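Read through the structure below, which is laid out as C-alpha cells, and then see the notes.
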Amino acid sequence: MTISSNSQPLISLRGVRKSFGAFEVLRGIDMDIRKGEVVAIIGPSGSGKSTILRTINGLTPINEGTINVGEIKVSDPKLDQVKLRHRVGMVFQQYNLFPHKTVLENVAMAPIQVLKQPRRQVEERARKLLADMRLPDKANSYPGELSGGQQQRVAIARALCMEPEVILFDEVTAALDPEMVKEVLAAVRKVAEDGMTCILVTHEMGFAREAADHIYFTDKGVIVEHAPPAEFFTRASDPRTKEFLSKVL
Amino acid sequence: MITDIQTFFRELAASGINLTIFYDAFDFDRFVTGLGNTLLLILASAIFSIVIGAAGAAILTLSKGPAAAVVRGYVALFRNTPLLVQMYFFYFAVGSIMPVGQNDIGLPQPLIGSFTWAVISLSLYSGAFNVETFRAGVGAVHSSYEEAALALGYNRRQAFFSVIVPLALRFSFASLANNLVDLTKATTVAYAVGVAELLYVSNQIWSDSLNTIEMMNVMLVIYLILTGAVVFIINRVEAAMRLPGFGLGDGQ
Amino acid sequence: MNSTNLLAQILEWMPFVLQGFALNILMSLLAIVIGTMIGTFLGLGQLSPGWIVGTPSKLATQLFRNAPWLVLLFYCIFLMPYQINVGGAVIQLPSWLRATIGFSFPVAANFSEIVRGAVKSVPRGQWEAAEALGYSRRSTLFRIILPQCITRMIPPWMNLYALLLTATPLSMIVGVEEALGRTQAAVQAQSDSRVLIPMYLALLAMFFLYTWPINRLSLMLERRFRTK
C-alpha cells in the first residue's frame, strides 16, 4: 500500500486526555491516520490502547484535546452521533453480537434502523458480506449457535455493512481459542487488503508486523514511539519498547 | 352424567363431606361466578401491572430527572405499605370524592365500582414490584450490548428498545413469575372491599351451607392450581423465548 | 369546621390508631420468630437427600408459599380452637393470637426457601472439598456451608419481615382490632367524610415509616455482602 504522506489525515488526535476518576488513562495522545492506512496499537495491558479506540468513535468522551474524523469534530457537544458512527465501525473483543437476532439481522439491522436504508438492498449486501466472511450458510442461525471465531467474523461483517470509512478492531482475537485466531486474522487481513482504513489494538505481534503500515506503542497513557513495522521491530529506540518487545516476541 | 356426579356428591354429603357446589345449582353458580371474577382480577391486574412495571423501568433507565424520582417514590410507597390499606384508601377515601352516577332505577351509584378499585389497587401494588423486576432485568444485561448498539449509530433510546429490552425481558421471567404468583394470591384481598371473588363466594357458601372445612379445602386447592398455572404459563413463555447460547447468569 | 379543627380532630384519634399499630408490630414480631424457627427446619429438611424428610418439607414449603395469606388466616381463625388445654391449664387463644399463628405459616415457607436458596448458592466445590477432607454431610452443612451463607440470608429475611408486617392488617378482616380496624372504627365514629383521606394517609404513613427503613437497610446489607 502506498500512502502519500502529504495527504490530509482521515483521523487525527491532538493532545487527547482522559481520566476515570483520579486515574489518568490517556495523558496527551497525538495520532494521524490516513485513508487506507492500517495502524496497529500495541502495548502492555492497561496502557490505554482500548480507550484510544473508544474515544475515536465517541464511546468514551474525552476530557481534553481534539479528535477529528474527516470534517467531524468528535468532541463537539453537538456531535451528530449517527454520522460519526456511520463513518467509524467497531469490532469488539467479546463480539457483542445481539443474541436475540439472527446472524443476518445482526448484520443488517443497523443500516435499516439507523441509516434508514431499504431493507432489500441492505440484506443483499449483508448476504454478500457473510459470503466474504465465509459464513454464507449461517445467515439464519443465532449467534449462540456459532463458534467464537464465526461470531467474530459476523461482527466484522456487521461493522462492514454500515459501509464505514474506518473500522476499529479492539483486541478482536483476545477472547478466542488459538485455533480460531487464524480465521479471524485472515478476515481482518481481507478487510485491510480491500482498502479499508483499519485501527487495530492487538497482542498478535506477528500479525501487526505483517499487516500494519504503522505501529504505535503506548505505555501508561502516552505514545512512547511509532514507526513502520520493519523499523519498529528491529530498531526500537525507547527502553520501554525494548522491554515490552523482549517479553512478547 | 351430570346427575351421576350430583348423586355422588349428595351421597358424599350424607357421609359428612358436604360439597354443595357439586350438587346444588345455586352454590355451583355462585362458585363459578367467584372463580370467574378471580380469573378476571388476575388477568386485568397482571396486564396493567406489567405495563406499569415496564414503563417504570424504562423511565428509571432512560431518565435521570424528576420522572425517575416520581417512579422511585411510587415504588417505595407501594412496596412499603400494606396492600389492604392501599385498597381501603382507594375504595373508601379516594372513592368518597369520586363522582357518583345513577343506576338503572335512578339510585346513586359510584362510577368506579369495587371491582375496578380492586384492579387499580392490585395493579399499582404489583406494578411497583414489577418495576423492580424489570429494572433488575435491565441491570443484568451486560453494558457491552448497549455499547455495540451505540457503536452502530443507535442512540440510547433506540439501543434500549431494540437491544436491552428484549434481553432484559429474558432475565426477568423468574422474578416476574414470582410477582404474578404473589398477585394471584393477593387477589383474595379484594374480598375486603366486597368483590365477589373466590374467597368471598366461598365464605358466602360456607355461611349458608355450613361446610366451612370443605369449602376452605376446595378454595385452597383452586389457589394452588391457579398459582401453579401462572408458573407453568410463564415457564412456557420463557422456554419459547429462550435464545441459543444466551445463558442466564453471565449476561454475555 | 375549619381545617385546624379537622387536624385537631384527626390527631385526637391518633393514639387510638397507634395502639392498634402496636398490635400489628406485636403480631409481626411473634410471627417472624415462630416462622423463622419452623422455616429453618423446613429449609434444612428440603436439603435432606432422603425422601422421608425431604419430600414432606418440600411439599409443606410449596403449600404454604403458594396459598394466599388470607386463606391461611381464615383456616387459623375458623378451624383453631378458642382455647387449648395443656395439662389441665386452659390457654385462651384470642383471635389476634390465632391470626399470628396464621401468619407464621407463610413466613415459615418463605424462610424455608431463603435457607434452601442460600445453601444452594454455595459453590458445589465447597461440598466436594469438605468431603475430600473427610467431613460428613451433616458436619459439612453445619461447619462449612451454613457459616458461609448465613449473612446472605439476612437481607431476604428482613424483606420477609417487612412483607409480614404489611400483611398484618389482613387480620382486621377476621376481626382483630389492629391499626386498620381502628382507623375504620375512628372514621365511622367521626362520621365526617373529610377525614377519610387524611386518616388513611396517616395509617399508610405509619406503615411506611416502620417498613421503609427496614427495606433500605436490607438493600444496603445486600450490596455490602455482594461486594465481599
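Quick note on naming: the chains in the C-alpha cells go A, B, ... in the order shown, residues restart at 1 in each chain, and ligands are numbered from 1 in order of appearance.
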Shell around region 117-134 of chain B at 8 Å using only C-alpha atoms, local window under 5 positions removed, as an MDAnalysis selection string = chainID B and resid 41 44:46 48:57 74:76 78:79 83 86:87 90:91 112 168:169 172 175:176 179:180 183 186:187 190 193 195
Could you save the residues just selected, with C-alpha atoms, as a PDB file, in the first residue's frame?
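Once everything was written out, this is again-v8.pdb:
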ATOM      1  CA  LEU B  41     -58.899  -9.875  38.630  1.00  0.00           C
ATOM      2  CA  ALA B  44     -56.602  -7.492  34.320  1.00  0.00           C
ATOM      3  CA  SER B  45     -54.209  -6.717  37.183  1.00  0.00           C
ATOM      4  CA  ALA B  46     -51.435  -8.797  35.612  1.00  0.00           C
ATOM      5  CA  PHE B  48     -51.801  -3.449  33.954  1.00  0.00           C
ATOM      6  CA  SER B  49     -49.067  -4.268  36.465  1.00  0.00           C
ATOM      7  CA  ILE B  50     -46.746  -5.485  33.698  1.00  0.00           C
ATOM      8  CA  VAL B  51     -47.406  -2.310  31.706  1.00  0.00           C
ATOM      9  CA  ILE B  52     -46.723  -0.209  34.815  1.00  0.00           C
ATOM     10  CA  GLY B  53     -43.582  -2.215  35.584  1.00  0.00           C
ATOM     11  CA  ALA B  54     -42.238  -1.875  32.039  1.00  0.00           C
ATOM     12  CA  ALA B  55     -42.970   1.854  31.868  1.00  0.00           C
ATOM     13  CA  GLY B  56     -41.424   2.446  35.283  1.00  0.00           C
ATOM     14  CA  ALA B  57     -38.276   0.502  34.439  1.00  0.00           C
ATOM     15  CA  TYR B  74     -44.098   5.365  43.738  1.00  0.00           C
ATOM     16  CA  VAL B  75     -42.197   2.096  44.140  1.00  0.00           C
ATOM     17  CA  ALA B  76     -41.104   2.952  47.696  1.00  0.00           C
ATOM     18  CA  PHE B  78     -46.423   0.944  47.343  1.00  0.00           C
ATOM     19  CA  ARG B  79     -43.832  -1.594  48.419  1.00  0.00           C
ATOM     20  CA  LEU B  83     -51.980  -3.711  50.078  1.00  0.00           C
ATOM     21  CA  GLN B  86     -53.935   0.866  49.939  1.00  0.00           C
ATOM     22  CA  MET B  87     -57.134  -0.757  48.733  1.00  0.00           C
ATOM     23  CA  PHE B  90     -58.630   3.936  47.196  1.00  0.00           C
ATOM     24  CA  TYR B  91     -62.039   2.418  47.783  1.00  0.00           C
ATOM     25  CA  ILE B 112     -65.928   3.346  39.852  1.00  0.00           C
ATOM     26  CA  ALA B 168     -33.745  -7.809  29.892  1.00  0.00           C
ATOM     27  CA  LEU B 169     -37.121  -9.473  29.459  1.00  0.00           C
ATOM     28  CA  SER B 172     -36.897 -11.042  34.257  1.00  0.00           C
ATOM     29  CA  SER B 175     -38.808 -12.797  39.241  1.00  0.00           C
ATOM     30  CA  LEU B 176     -41.880 -11.905  37.165  1.00  0.00           C
ATOM     31  CA  ASN B 179     -44.594 -11.415  41.334  1.00  0.00           C
ATOM     32  CA  LEU B 180     -47.502 -12.864  39.377  1.00  0.00           C
ATOM     33  CA  LEU B 183     -50.530 -11.123  42.625  1.00  0.00           C
ATOM     34  CA  ALA B 186     -53.210 -11.041  46.597  1.00  0.00           C
ATOM     35  CA  THR B 187     -56.477 -11.029  44.615  1.00  0.00           C
ATOM     36  CA  ALA B 190     -60.370  -7.769  47.072  1.00  0.00           C
ATOM     37  CA  VAL B 193     -63.933  -4.319  49.519  1.00  0.00           C
ATOM     38  CA  VAL B 195     -65.614  -8.015  45.226  1.00  0.00           C
TER      39      VAL B 195
END
May I have the residues within 8 Å of region 32-45 of chain A as number ranges by chain, using only C-alpha atoms and disregarding those fewer than 5 positions away in the same chain?
-> A: 1, 3, 7-13, 165, 192, 195-203, 208, 211-219, 244
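When only C-alpha atoms are used to measure the gap to chain C, the shortest distance among B:Arg135, B:Ile97, B:Ala159, B:Ile233 belongs to B:Ile97.
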Exercise: Arg170 (chain B) partners within 8 Å, only C-alpha atoms, chain neighbours under 3 positions left out, as a ChimeraX atom specification = /B:137,166-167,173,238,241-242
Identify, with DSSP run on backbone atoms, the residues in region 17-54 of chain A assigned to strand (DSSP E), and express the list as a list in words.
-> Arg17, Lys18, Ser19, Phe20, Phe23, Glu24, Val25, Leu26, Arg27, Gly28, Ile29, Asp30, Met31, Asp32, Ile33, Val38, Val39, Ala40, Ile41 and Ile42 of chain A
Using only C-alpha atoms, select each residue of chain B with any atom at most 8 Å away from an atom of chain C, and give the selection as a list in words.
->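 The selection requested is Ala76, Leu77, Asn80, Thr81, Pro82, Leu83, Leu84, Val85, Gln86, Tyr88, Phe89, Phe92, Ala93, Val94, Ser96, Val181, Lys185, Ala186, Thr188, Val189, Ala192, Leu199, Ile213, Met216, Leu220, Tyr223, Leu224 and Thr227 of chain B.
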Just the selected residues (N, CA and C atoms), exported as a CSV table (one decimal), in the first residue's frame, please.
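Here's the written file again-v1.csv:
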chain,number,residue,atom,x,y,z
B,76,ALA,N,-41.3,3.0,46.2
B,76,ALA,CA,-41.1,3.0,47.7
B,76,ALA,C,-42.4,3.0,48.5
B,77,LEU,N,-43.4,3.8,48.0
B,77,LEU,CA,-44.6,4.0,48.8
B,77,LEU,C,-45.4,2.7,48.7
B,80,ASN,N,-43.9,-0.4,50.6
B,80,ASN,CA,-43.7,-0.4,52.0
B,80,ASN,C,-44.9,-0.1,52.8
B,81,THR,N,-46.1,-0.2,52.1
B,81,THR,CA,-47.3,-0.1,52.8
B,81,THR,C,-48.2,-1.3,52.5
B,82,PRO,N,-49.2,-1.6,53.4
B,82,PRO,CA,-50.0,-2.8,53.2
B,82,PRO,C,-50.9,-2.6,52.0
B,83,LEU,N,-51.0,-3.7,51.2
B,83,LEU,CA,-52.0,-3.7,50.1
B,83,LEU,C,-53.4,-3.4,50.6
B,84,LEU,N,-53.8,-4.0,51.7
B,84,LEU,CA,-55.1,-3.9,52.1
B,84,LEU,C,-55.4,-2.4,52.5
B,85,VAL,N,-54.5,-1.7,53.1
B,85,VAL,CA,-54.7,-0.3,53.5
B,85,VAL,C,-54.7,0.5,52.2
B,86,GLN,N,-53.9,0.2,51.2
B,86,GLN,CA,-53.9,0.9,49.9
B,86,GLN,C,-55.3,0.7,49.3
B,88,TYR,N,-58.2,0.0,50.8
B,88,TYR,CA,-59.2,0.8,51.6
B,88,TYR,C,-59.0,2.3,51.2
B,89,PHE,N,-57.8,2.7,51.1
B,89,PHE,CA,-57.5,4.1,50.8
B,89,PHE,C,-58.2,4.5,49.5
B,92,PHE,N,-62.4,3.5,49.9
B,92,PHE,CA,-63.2,4.4,50.8
B,92,PHE,C,-62.8,5.8,50.7
B,93,ALA,N,-61.5,6.1,50.8
B,93,ALA,CA,-61.1,7.5,50.9
B,93,ALA,C,-61.2,8.2,49.5
B,94,VAL,N,-60.4,7.7,48.5
B,94,VAL,CA,-60.5,8.3,47.2
B,94,VAL,C,-61.9,8.2,46.6
B,96,SER,N,-64.6,8.3,48.0
B,96,SER,CA,-65.6,9.2,48.6
B,96,SER,C,-65.6,10.6,47.9
B,181,VAL,N,-47.3,-14.8,40.9
B,181,VAL,CA,-47.9,-15.7,41.9
B,181,VAL,C,-48.4,-14.9,43.1
B,185,LYS,N,-52.2,-14.6,44.6
B,185,LYS,CA,-52.6,-14.7,46.0
B,185,LYS,C,-53.3,-13.5,46.5
B,186,ALA,N,-52.7,-12.3,46.1
B,186,ALA,CA,-53.2,-11.0,46.6
B,186,ALA,C,-54.6,-10.7,46.1
B,188,THR,N,-57.2,-12.2,46.7
B,188,THR,CA,-58.1,-12.5,47.8
B,188,THR,C,-58.4,-11.3,48.6
B,189,VAL,N,-57.4,-10.3,48.6
B,189,VAL,CA,-57.6,-9.1,49.4
B,189,VAL,C,-58.8,-8.3,48.9
B,192,ALA,N,-62.1,-7.9,50.8
B,192,ALA,CA,-62.3,-6.9,51.8
B,192,ALA,C,-63.1,-5.7,51.3
B,199,LEU,N,-62.8,-16.2,47.3
B,199,LEU,CA,-62.8,-16.2,48.7
B,199,LEU,C,-64.2,-15.7,49.2
B,213,ILE,N,-65.1,-26.3,56.4
B,213,ILE,CA,-63.8,-27.0,56.1
B,213,ILE,C,-63.7,-27.5,54.7
B,216,MET,N,-63.1,-24.4,52.4
B,216,MET,CA,-61.8,-23.9,52.5
B,216,MET,C,-60.8,-24.8,51.8
B,220,LEU,N,-58.5,-23.7,48.7
B,220,LEU,CA,-57.1,-23.8,48.8
B,220,LEU,C,-56.5,-24.5,47.6
B,223,TYR,N,-56.6,-22.3,44.6
B,223,TYR,CA,-55.5,-21.3,44.5
B,223,TYR,C,-54.2,-22.0,44.2
B,224,LEU,N,-53.9,-23.2,44.7
B,224,LEU,CA,-52.7,-23.9,44.4
B,224,LEU,C,-52.7,-24.2,42.9
B,227,THR,N,-51.9,-20.7,41.1
B,227,THR,CA,-50.5,-20.3,41.2
B,227,THR,C,-49.7,-21.2,40.3
Kindly give the distance, in Å, that separates CA of Gly139 (chain B) and CA of Thr151 (chain C), rounded to a single decimal.
->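 Distance between the two atoms: 23.4 Å.
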Neighbours of chain B in chain A at 9 Å, counting only C-alpha atoms, as a ChimeraX atom specification | /A:57-59,81-86,88-92,94-100,110-111,113-115,142-146,158-159,162
